[in-house]
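To start, the structure under review is shown below, and the notes come after it.
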Amino acid sequence: SVVRCQLYPPQRAFHASAALRRASDEHKKEPSASSSQQQFDSHPSDRQPEQEHQGPRPSYTGQGGQESEDYESEEQLQHRILTAALEFVPEHGWTAEAIAEGAKTLGLSVAAAGMFHNDGSELILHFVSQCNTKLSELLEQEQKLVQLGETEKKTTDQFLRDAVEARLRMLIPYIEKWPQALSILLLPHNIPSSLNLLTSMIDDIWHYAGDQSTDFNWYTRRAVLTGIYNTTELVMMQDSSPDFEETWRFLENRVADAMNMGNTAKQVQSTGEALVQGLMGAAVTIKNLAGLNQRR
Amino acid sequence: HFGFQTVSEEEKGEKVYQVFENVAKKYDIMNDSMSLGIHRVWKDVLVHKMNPYPGTLLLDVAGGTGDIAFRFINYVRSMRERQLQRKLKHHQNLSWQEIADSYQEEAVKPLGDSQVVVCDINKEMLKVGRQKAQHLGYSEGLSWVVGNAEELPFDDDKFDVYTIAFGIRNVTHIDLALQEAYRVLKPGGRFLCLEFSQVNNPLLSRLYDLYSFQIIPVLGEVIAGDWKSYQYLVESIRRFPPQEEFKAMIEDAGFFKVDYQNLTSGIVAIHSGFKL
């Protein structure tokens with residue numbers, strides 16, 4: 001039991017519960033009765049004690065500040081259920097049914113799916129957030145390799161293409177049901193979260209691409225890359241070419257366009273400036289003609 | 001508390017038993033007339049919130065005349081149909097034999113292993129429930145058990161969902177009932193309670209009080225011939241703890257993610273908790 005406690009520290013606060021204890025029981029196949037002594041000594045819980053005859057439960061030690069640990073563990077359990085549910089998505093779609101099946105594999109009742117929204121939103125958001133984390137880790141590793149001198153630093157457009165491709169490839173196992181997921185992410189109550197995840201992912205990519213800008217360019221770059229990502233994702237949805245060749249070619253073109261646009265933008269800016277100058281000059285001339293600029 | 005009277009604990013159990021013995025036969029009619037049929041909507045919302053997955057084992061405590069049980073069965077049946085349809089669409093190139101087989105499977109197991117156990121302390125209520133089931137054609141996946149919510153005749157960790165609709169305020173020791181609920185639920189199982197609660201709108205509250213104390217006992221006398229039982233009903237509603245307090249009691253019993261949803265401005269509330 002001591003070994004088990006050390007291996008699963010985040011679940012400490014949850015030893016009062018049945019679910020996580022049961023899950024770790026399944027992994028370790030140890031009798032739960034023997035763990036109650038260990039738990040009393042080293043794992044205080046802030047939940048009310050049950051009567052002893054109801055089974056092994058740690059006693060109440062009344063320590064405040066355990067509350068946050070408990071709250072975190074509820075979320076951890078939810079994350080575990082959602083992760084387990086992902087394998088049922090190809091069959092059931094992004095629904096409460098997939099979540100119910102996921103809960104079953106963890107040894108929980110199917111009723112645990114009731115903890116989540118009926119429309120499967122949390123499952124999709126969880127998946128997106130997981131993908132973004134994976135992408136960050138990938139980019140981080142790449143950066144390390146470049147710093148160590150083991151690989152060449154990529155050009156910006158190559159970097160962007162590879163990053164977007166890597167991220168979109170994570171959708172491949174779920175590609176059939178992904179259109180459904182996209183439409184759910186567009187529901188009003190999901191938009192804040194999905195937008196948040198999208199923007200932070202785009203931020204991440206630009207960060208690792210070496211974007212140091214703090215001026216207006218920051219926004220244009222975010223907007224441009226978001227546009228590239230979204231359009232490529234949509235193309236991917238109805239691409240039936242082998243290994244999504246068409247999609248990557250589309251991506252290549254869009255990124256190239258964006259690079260050129262950088263130059264066009266500068267031209268537009270200077271044209272814009274020139275235009276403004278001209279307008280100002282015209283305004284001053286008119287004022288002069290109308291005699292408004294006279295100083296007496 | 002027995003309504004606004006104060007009685008000893010043994011007496012309360014007995015008195016409640018007598019109330020429901022008297023009203024059993026007219027229970028459903030009275031529900032319809034008192035709530036103007038809205039109780040059906042409340043119960044529908046409860047089952048929708050439950051969103052039971054086929055294969056769920058439900059324990060409906062104080063379920064007497066079976067309202068929740070029947071709704072559960074209907075819901076699971078339609079879910080199962082939808083599941084089968086989706087499976088068929090998923091496998092587009094099935095042979096005719098396979099398609100016929102899956103329809104066969106649906107006929108044999110329309111509920112997909114889902115079951116509901118209706119438990120009530122009162123035999124009369126269960127009798128009415130059984131008759132209703134026969135009358136409406138519900139035969140499978142239904143069992144009727146006599147039992148006390150404070151001491152359920154079931155093993156630990158058995159049920160996926162535990163519901164108690166308009167029953168918990170009649171229990172003498174609510175905390176014991178909550179503890180029993182915790183005991184018989186599987187890990188991950190859900191506790192759902194549909195009960196009258198505090199109205200949060202002051203204007204509605206006054207109208208509600210007027211309706212409760214002036215009209216309901218009269219209806220009781222006219223329809224069921226029993227003024228006192230309905231006086232008890234109305235008083236027991238007032239005695240029941242408000243939403244937040246009841247939520248705290250549920251948390252004390254060990255449930256997590258406890259939450260409540262007010263229906264009809266708080267006239268009833270659905271409390272939900274999970275055994276995690």
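Just remember, in the structure tokens the first chain shown is A, the second B, etc., residues are 1-based per chain, and ligands are 1-based in the order shown.
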Requested in this report: Find the residues near segment 56-67 of chain B: any atom within 7 Å, counting only C-alpha atoms, skip ones fewer than 4 places away on the same chain, and give them as a list of chain:residue names.
Outcome: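 Close residues of segment 56-67 of chain B: B:Pro52, B:Arg71, B:Ser114, B:Gln115, B:Val116, B:Val117, B:Val118, B:Cys119, B:Asp120, B:Ile121, B:Met125, B:Leu126, B:Val128, B:Gly129, B:Ala149, B:Phe159, B:Asp160, B:Val161, B:Tyr162, B:Thr163, B:Ile164, B:Ala165, B:Gly167.
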Requested in this report: Within 8 Å of chain A, which residues of chain B are there when counting only C-alpha atoms? Please give them as a ChimeraX atom specification.
Outcome: /B:49-53,56,160-161,183,186-190,252-254,257,274-276
Requested in this report: Mind checking which residues fall within 9 Å of Tyr229 of chain A, counting only C-alpha atoms, ignoring those fewer than 6 positions away in the same chain, and posting them as a PyMOL selection string?
Outcome: chain A and resi 164+168+202+251
**Report entry** Surrounding residues of Ile250 of chain B excluding itself and chain neighbours under 2 positions, 9 Å, only C-alpha atoms, as JSON, numbers by chain
**Finding:** {"B": [175, 178, 179, 245, 246, 247, 248, 252, 253, 254, 255, 256, 258, 271, 272, 273]}
Considering only C-alpha atoms, return as an mmCIF file with C-alpha atoms, in the first residue's frame whatever protein or nucleic-acid residues lie within 9 Å of segment 223-236 of chain B, sequence-local ones (same chain, fewer than 5 positions apart) excluded.
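Once written, around_38.cif looks like this:
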data_model
loop_
_atom_site.group_PDB
_atom_site.id
_atom_site.type_symbol
_atom_site.label_atom_id
_atom_site.label_comp_id
_atom_site.auth_asym_id
_atom_site.auth_seq_id
_atom_site.Cartn_x
_atom_site.Cartn_y
_atom_site.Cartn_z
ATOM 1 C CA HIS B 1 -42.136 16.957 12.050
ATOM 2 C CA PHE B 2 -45.326 15.636 10.590
ATOM 3 C CA GLY B 3 -46.347 18.632 8.588
ATOM 4 C CA PHE B 4 -46.717 21.402 11.126
ATOM 5 C CA GLN B 5 -47.350 18.980 13.986
ATOM 6 C CA VAL B 16 -46.858 8.833 6.724
ATOM 7 C CA GLN B 18 -51.331 5.840 6.747
ATOM 8 C CA VAL B 19 -51.414 8.951 4.571
ATOM 9 C CA PHE B 20 -50.195 7.081 1.539
ATOM 10 C CA ASN B 22 -55.347 6.310 2.130
ATOM 11 C CA VAL B 23 -54.406 8.200 -0.991
ATOM 12 C CA LYS B 25 -55.753 4.766 -5.325
ATOM 13 C CA LYS B 26 -56.347 8.408 -6.088
ATOM 14 C CA TYR B 27 -52.666 9.375 -6.058
ATOM 15 C CA ILE B 29 -55.567 11.863 -10.174
ATOM 16 C CA MET B 30 -54.735 14.087 -7.247
ATOM 17 C CA ARG B 169 -39.576 14.782 2.488
ATOM 18 C CA ASN B 170 -41.656 11.939 3.861
ATOM 19 C CA SER B 212 -51.457 25.459 -1.237
ATOM 20 C CA PHE B 213 -53.333 26.173 1.932
ATOM 21 C CA ILE B 216 -55.282 21.838 -2.230
ATOM 22 C CA PRO B 217 -56.876 20.434 0.931
ATOM 23 C CA VAL B 218 -60.276 21.234 -0.532
#
Query raised in the report: Which polymer residues have any atom within 8 Å of an atom of Tyr208 of chain A, counting only C-alpha atoms, with same-chain residues fewer than 4 positions away left out, as a VMD selection string?
Result: chain A and resid 139 to 140 143 204
All strand (DSSP E) positions in segment 16-231 of chain B, as a PDB file with N, CA, C and O atoms, in the first residue's frame:
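Written file, selection_0.pdb:
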ATOM      1  N   LEU B  57     -28.913   0.573 -14.670  1.00  0.00           N
ATOM      2  CA  LEU B  57     -29.732  -0.035 -13.646  1.00  0.00           C
ATOM      3  C   LEU B  57     -30.225   1.081 -12.732  1.00  0.00           C
ATOM      4  O   LEU B  57     -29.438   1.753 -12.084  1.00  0.00           O
ATOM      5  N   LEU B  58     -31.528   1.285 -12.728  1.00  0.00           N
ATOM      6  CA  LEU B  58     -32.102   2.394 -11.971  1.00  0.00           C
ATOM      7  C   LEU B  58     -32.809   1.892 -10.729  1.00  0.00           C
ATOM      8  O   LEU B  58     -33.533   0.897 -10.767  1.00  0.00           O
ATOM      9  N   LEU B  59     -32.601   2.590  -9.609  1.00  0.00           N
ATOM     10  CA  LEU B  59     -33.381   2.328  -8.423  1.00  0.00           C
ATOM     11  C   LEU B  59     -34.263   3.534  -8.173  1.00  0.00           C
ATOM     12  O   LEU B  59     -33.764   4.631  -7.939  1.00  0.00           O
ATOM     13  N   ASP B  60     -35.570   3.345  -8.235  1.00  0.00           N
ATOM     14  CA  ASP B  60     -36.481   4.446  -7.995  1.00  0.00           C
ATOM     15  C   ASP B  60     -37.097   4.233  -6.624  1.00  0.00           C
ATOM     16  O   ASP B  60     -37.945   3.368  -6.431  1.00  0.00           O
ATOM     17  N   VAL B  61     -36.645   5.041  -5.662  1.00  0.00           N
ATOM     18  CA  VAL B  61     -37.117   4.884  -4.296  1.00  0.00           C
ATOM     19  C   VAL B  61     -38.350   5.749  -4.090  1.00  0.00           C
ATOM     20  O   VAL B  61     -38.472   6.818  -4.678  1.00  0.00           O
ATOM     21  N   GLN B 115     -32.613  -1.826 -16.547  1.00  0.00           N
ATOM     22  CA  GLN B 115     -33.632  -2.316 -15.625  1.00  0.00           C
ATOM     23  C   GLN B 115     -33.970  -1.247 -14.618  1.00  0.00           C
ATOM     24  O   GLN B 115     -33.106  -0.437 -14.263  1.00  0.00           O
ATOM     25  N   VAL B 116     -35.194  -1.303 -14.136  1.00  0.00           N
ATOM     26  CA  VAL B 116     -35.545  -0.391 -13.050  1.00  0.00           C
ATOM     27  C   VAL B 116     -36.197  -1.153 -11.913  1.00  0.00           C
ATOM     28  O   VAL B 116     -37.053  -2.016 -12.128  1.00  0.00           O
ATOM     29  N   VAL B 117     -35.740  -0.864 -10.702  1.00  0.00           N
ATOM     30  CA  VAL B 117     -36.333  -1.455  -9.514  1.00  0.00           C
ATOM     31  C   VAL B 117     -37.115  -0.354  -8.804  1.00  0.00           C
ATOM     32  O   VAL B 117     -36.543   0.675  -8.445  1.00  0.00           O
ATOM     33  N   VAL B 118     -38.391  -0.574  -8.648  1.00  0.00           N
ATOM     34  CA  VAL B 118     -39.202   0.410  -7.938  1.00  0.00           C
ATOM     35  C   VAL B 118     -39.332  -0.034  -6.493  1.00  0.00           C
ATOM     36  O   VAL B 118     -39.808  -1.124  -6.211  1.00  0.00           O
ATOM     37  N   CYS B 119     -38.895   0.837  -5.591  1.00  0.00           N
ATOM     38  CA  CYS B 119     -38.916   0.465  -4.180  1.00  0.00           C
ATOM     39  C   CYS B 119     -39.805   1.449  -3.436  1.00  0.00           C
ATOM     40  O   CYS B 119     -39.710   2.655  -3.629  1.00  0.00           O
ATOM     41  N   ASP B 120     -40.680   0.937  -2.594  1.00  0.00           N
ATOM     42  CA  ASP B 120     -41.538   1.836  -1.825  1.00  0.00           C
ATOM     43  C   ASP B 120     -41.834   1.165  -0.503  1.00  0.00           C
ATOM     44  O   ASP B 120     -41.902  -0.063  -0.415  1.00  0.00           O
ATOM     45  N   LEU B 142     -38.732  -4.459 -15.190  1.00  0.00           N
ATOM     46  CA  LEU B 142     -39.386  -3.740 -14.090  1.00  0.00           C
ATOM     47  C   LEU B 142     -39.514  -4.669 -12.894  1.00  0.00           C
ATOM     48  O   LEU B 142     -39.960  -5.788 -13.033  1.00  0.00           O
ATOM     49  N   SER B 143     -39.088  -4.214 -11.722  1.00  0.00           N
ATOM     50  CA  SER B 143     -39.388  -5.016 -10.523  1.00  0.00           C
ATOM     51  C   SER B 143     -39.911  -4.117  -9.417  1.00  0.00           C
ATOM     52  O   SER B 143     -39.609  -2.925  -9.368  1.00  0.00           O
ATOM     53  N   TRP B 144     -40.692  -4.711  -8.551  1.00  0.00           N
ATOM     54  CA  TRP B 144     -41.359  -3.954  -7.482  1.00  0.00           C
ATOM     55  C   TRP B 144     -40.937  -4.537  -6.140  1.00  0.00           C
ATOM     56  O   TRP B 144     -41.178  -5.694  -5.868  1.00  0.00           O
ATOM     57  N   VAL B 145     -40.325  -3.722  -5.315  1.00  0.00           N
ATOM     58  CA  VAL B 145     -39.793  -4.225  -4.044  1.00  0.00           C
ATOM     59  C   VAL B 145     -40.282  -3.345  -2.916  1.00  0.00           C
ATOM     60  O   VAL B 145     -40.275  -2.119  -3.022  1.00  0.00           O
ATOM     61  N   VAL B 146     -40.669  -3.974  -1.807  1.00  0.00           N
ATOM     62  CA  VAL B 146     -41.038  -3.198  -0.626  1.00  0.00           C
ATOM     63  C   VAL B 146     -39.767  -2.912   0.156  1.00  0.00           C
ATOM     64  O   VAL B 146     -38.949  -3.800   0.369  1.00  0.00           O
ATOM     65  N   PHE B 159     -26.351  -0.012  -8.056  1.00  0.00           N
ATOM     66  CA  PHE B 159     -27.157   0.715  -9.034  1.00  0.00           C
ATOM     67  C   PHE B 159     -26.379   1.837  -9.709  1.00  0.00           C
ATOM     68  O   PHE B 159     -25.480   2.428  -9.154  1.00  0.00           O
ATOM     69  N   ASP B 160     -26.772   2.114 -10.965  1.00  0.00           N
ATOM     70  CA  ASP B 160     -26.169   3.225 -11.690  1.00  0.00           C
ATOM     71  C   ASP B 160     -26.792   4.546 -11.296  1.00  0.00           C
ATOM     72  O   ASP B 160     -26.112   5.552 -11.172  1.00  0.00           O
ATOM     73  N   VAL B 161     -28.114   4.553 -11.166  1.00  0.00           N
ATOM     74  CA  VAL B 161     -28.803   5.786 -10.818  1.00  0.00           C
ATOM     75  C   VAL B 161     -29.802   5.514  -9.697  1.00  0.00           C
ATOM     76  O   VAL B 161     -30.455   4.478  -9.689  1.00  0.00           O
ATOM     77  N   TYR B 162     -29.891   6.461  -8.777  1.00  0.00           N
ATOM     78  CA  TYR B 162     -30.852   6.385  -7.676  1.00  0.00           C
ATOM     79  C   TYR B 162     -31.734   7.607  -7.801  1.00  0.00           C
ATOM     80  O   TYR B 162     -31.227   8.729  -7.802  1.00  0.00           O
ATOM     81  N   THR B 163     -33.042   7.391  -7.934  1.00  0.00           N
ATOM     82  CA  THR B 163     -33.910   8.570  -7.981  1.00  0.00           C
ATOM     83  C   THR B 163     -34.909   8.512  -6.843  1.00  0.00           C
ATOM     84  O   THR B 163     -35.299   7.435  -6.394  1.00  0.00           O
ATOM     85  N   ILE B 164     -35.309   9.671  -6.389  1.00  0.00           N
ATOM     86  CA  ILE B 164     -36.384   9.731  -5.403  1.00  0.00           C
ATOM     87  C   ILE B 164     -37.200  10.977  -5.736  1.00  0.00           C
ATOM     88  O   ILE B 164     -36.729  12.101  -5.611  1.00  0.00           O
ATOM     89  N   ALA B 165     -38.397  10.734  -6.239  1.00  0.00           N
ATOM     90  CA  ALA B 165     -39.218  11.848  -6.714  1.00  0.00           C
ATOM     91  C   ALA B 165     -40.364  12.086  -5.745  1.00  0.00           C
ATOM     92  O   ALA B 165     -41.223  11.232  -5.575  1.00  0.00           O
ATOM     93  N   LEU B 185     -25.226   2.877  -4.503  1.00  0.00           N
ATOM     94  CA  LEU B 185     -24.817   3.321  -5.832  1.00  0.00           C
ATOM     95  C   LEU B 185     -23.439   2.784  -6.182  1.00  0.00           C
ATOM     96  O   LEU B 185     -22.569   2.681  -5.327  1.00  0.00           O
ATOM     97  N   LYS B 186     -23.256   2.513  -7.470  1.00  0.00           N
ATOM     98  CA  LYS B 186     -21.936   2.104  -7.951  1.00  0.00           C
ATOM     99  C   LYS B 186     -21.033   3.325  -7.947  1.00  0.00           C
ATOM    100  O   LYS B 186     -21.511   4.449  -8.024  1.00  0.00           O
ATOM    101  N   PRO B 187     -19.699   3.132  -7.943  1.00  0.00           N
ATOM    102  CA  PRO B 187     -18.812   4.289  -8.097  1.00  0.00           C
ATOM    103  C   PRO B 187     -19.089   4.954  -9.439  1.00  0.00           C
ATOM    104  O   PRO B 187     -19.165   4.287 -10.473  1.00  0.00           O
ATOM    105  N   GLY B 188     -19.237   6.253  -9.429  1.00  0.00           N
ATOM    106  CA  GLY B 188     -19.617   6.956 -10.643  1.00  0.00           C
ATOM    107  C   GLY B 188     -21.116   7.081 -10.775  1.00  0.00           C
ATOM    108  O   GLY B 188     -21.618   7.730 -11.690  1.00  0.00           O
ATOM    109  N   GLY B 189     -21.852   6.464  -9.859  1.00  0.00           N
ATOM    110  CA  GLY B 189     -23.309   6.481  -9.948  1.00  0.00           C
ATOM    111  C   GLY B 189     -23.883   7.833  -9.577  1.00  0.00           C
ATOM    112  O   GLY B 189     -23.232   8.654  -8.945  1.00  0.00           O
ATOM    113  N   ARG B 190     -25.126   8.047  -9.964  1.00  0.00           N
ATOM    114  CA  ARG B 190     -25.743   9.356  -9.802  1.00  0.00           C
ATOM    115  C   ARG B 190     -26.949   9.319  -8.888  1.00  0.00           C
ATOM    116  O   ARG B 190     -27.775   8.408  -8.983  1.00  0.00           O
ATOM    117  N   PHE B 191     -27.049  10.341  -8.044  1.00  0.00           N
ATOM    118  CA  PHE B 191     -28.189  10.523  -7.153  1.00  0.00           C
ATOM    119  C   PHE B 191     -29.026  11.664  -7.713  1.00  0.00           C
ATOM    120  O   PHE B 191     -28.505  12.737  -7.985  1.00  0.00           O
ATOM    121  N   LEU B 192     -30.292  11.419  -7.898  1.00  0.00           N
ATOM    122  CA  LEU B 192     -31.171  12.476  -8.408  1.00  0.00           C
ATOM    123  C   LEU B 192     -32.392  12.574  -7.520  1.00  0.00           C
ATOM    124  O   LEU B 192     -33.045  11.574  -7.242  1.00  0.00           O
ATOM    125  N   CYS B 193     -32.706  13.784  -7.092  1.00  0.00           N
ATOM    126  CA  CYS B 193     -33.858  13.955  -6.219  1.00  0.00           C
ATOM    127  C   CYS B 193     -34.743  15.063  -6.771  1.00  0.00           C
ATOM    128  O   CYS B 193     -34.288  16.179  -6.997  1.00  0.00           O
ATOM    129  N   LEU B 194     -36.004  14.733  -6.990  1.00  0.00           N
ATOM    130  CA  LEU B 194     -36.985  15.721  -7.446  1.00  0.00           C
ATOM    131  C   LEU B 194     -37.889  15.997  -6.263  1.00  0.00           C
ATOM    132  O   LEU B 194     -38.521  15.086  -5.742  1.00  0.00           O
ATOM    133  N   GLU B 195     -37.914  17.245  -5.812  1.00  0.00           N
ATOM    134  CA  GLU B 195     -38.679  17.529  -4.597  1.00  0.00           C
ATOM    135  C   GLU B 195     -39.155  18.962  -4.585  1.00  0.00           C
ATOM    136  O   GLU B 195     -38.525  19.842  -5.189  1.00  0.00           O
ATOM    137  N   PHE B 196     -40.233  19.185  -3.851  1.00  0.00           N
ATOM    138  CA  PHE B 196     -40.710  20.557  -3.678  1.00  0.00           C
ATOM    139  C   PHE B 196     -39.669  21.351  -2.907  1.00  0.00           C
ATOM    140  O   PHE B 196     -39.016  20.819  -2.015  1.00  0.00           O
TER     141      PHE B 196
END
Query raised in the report: Within 12 Å of Ala223 of chain A, counting only C-alpha atoms, which residues qualify if same-chain residues fewer than 3 places away don't, as a PyMOL selection string?
Result: chain A and resi 198-199+202-203+206+216-220+226-230+258
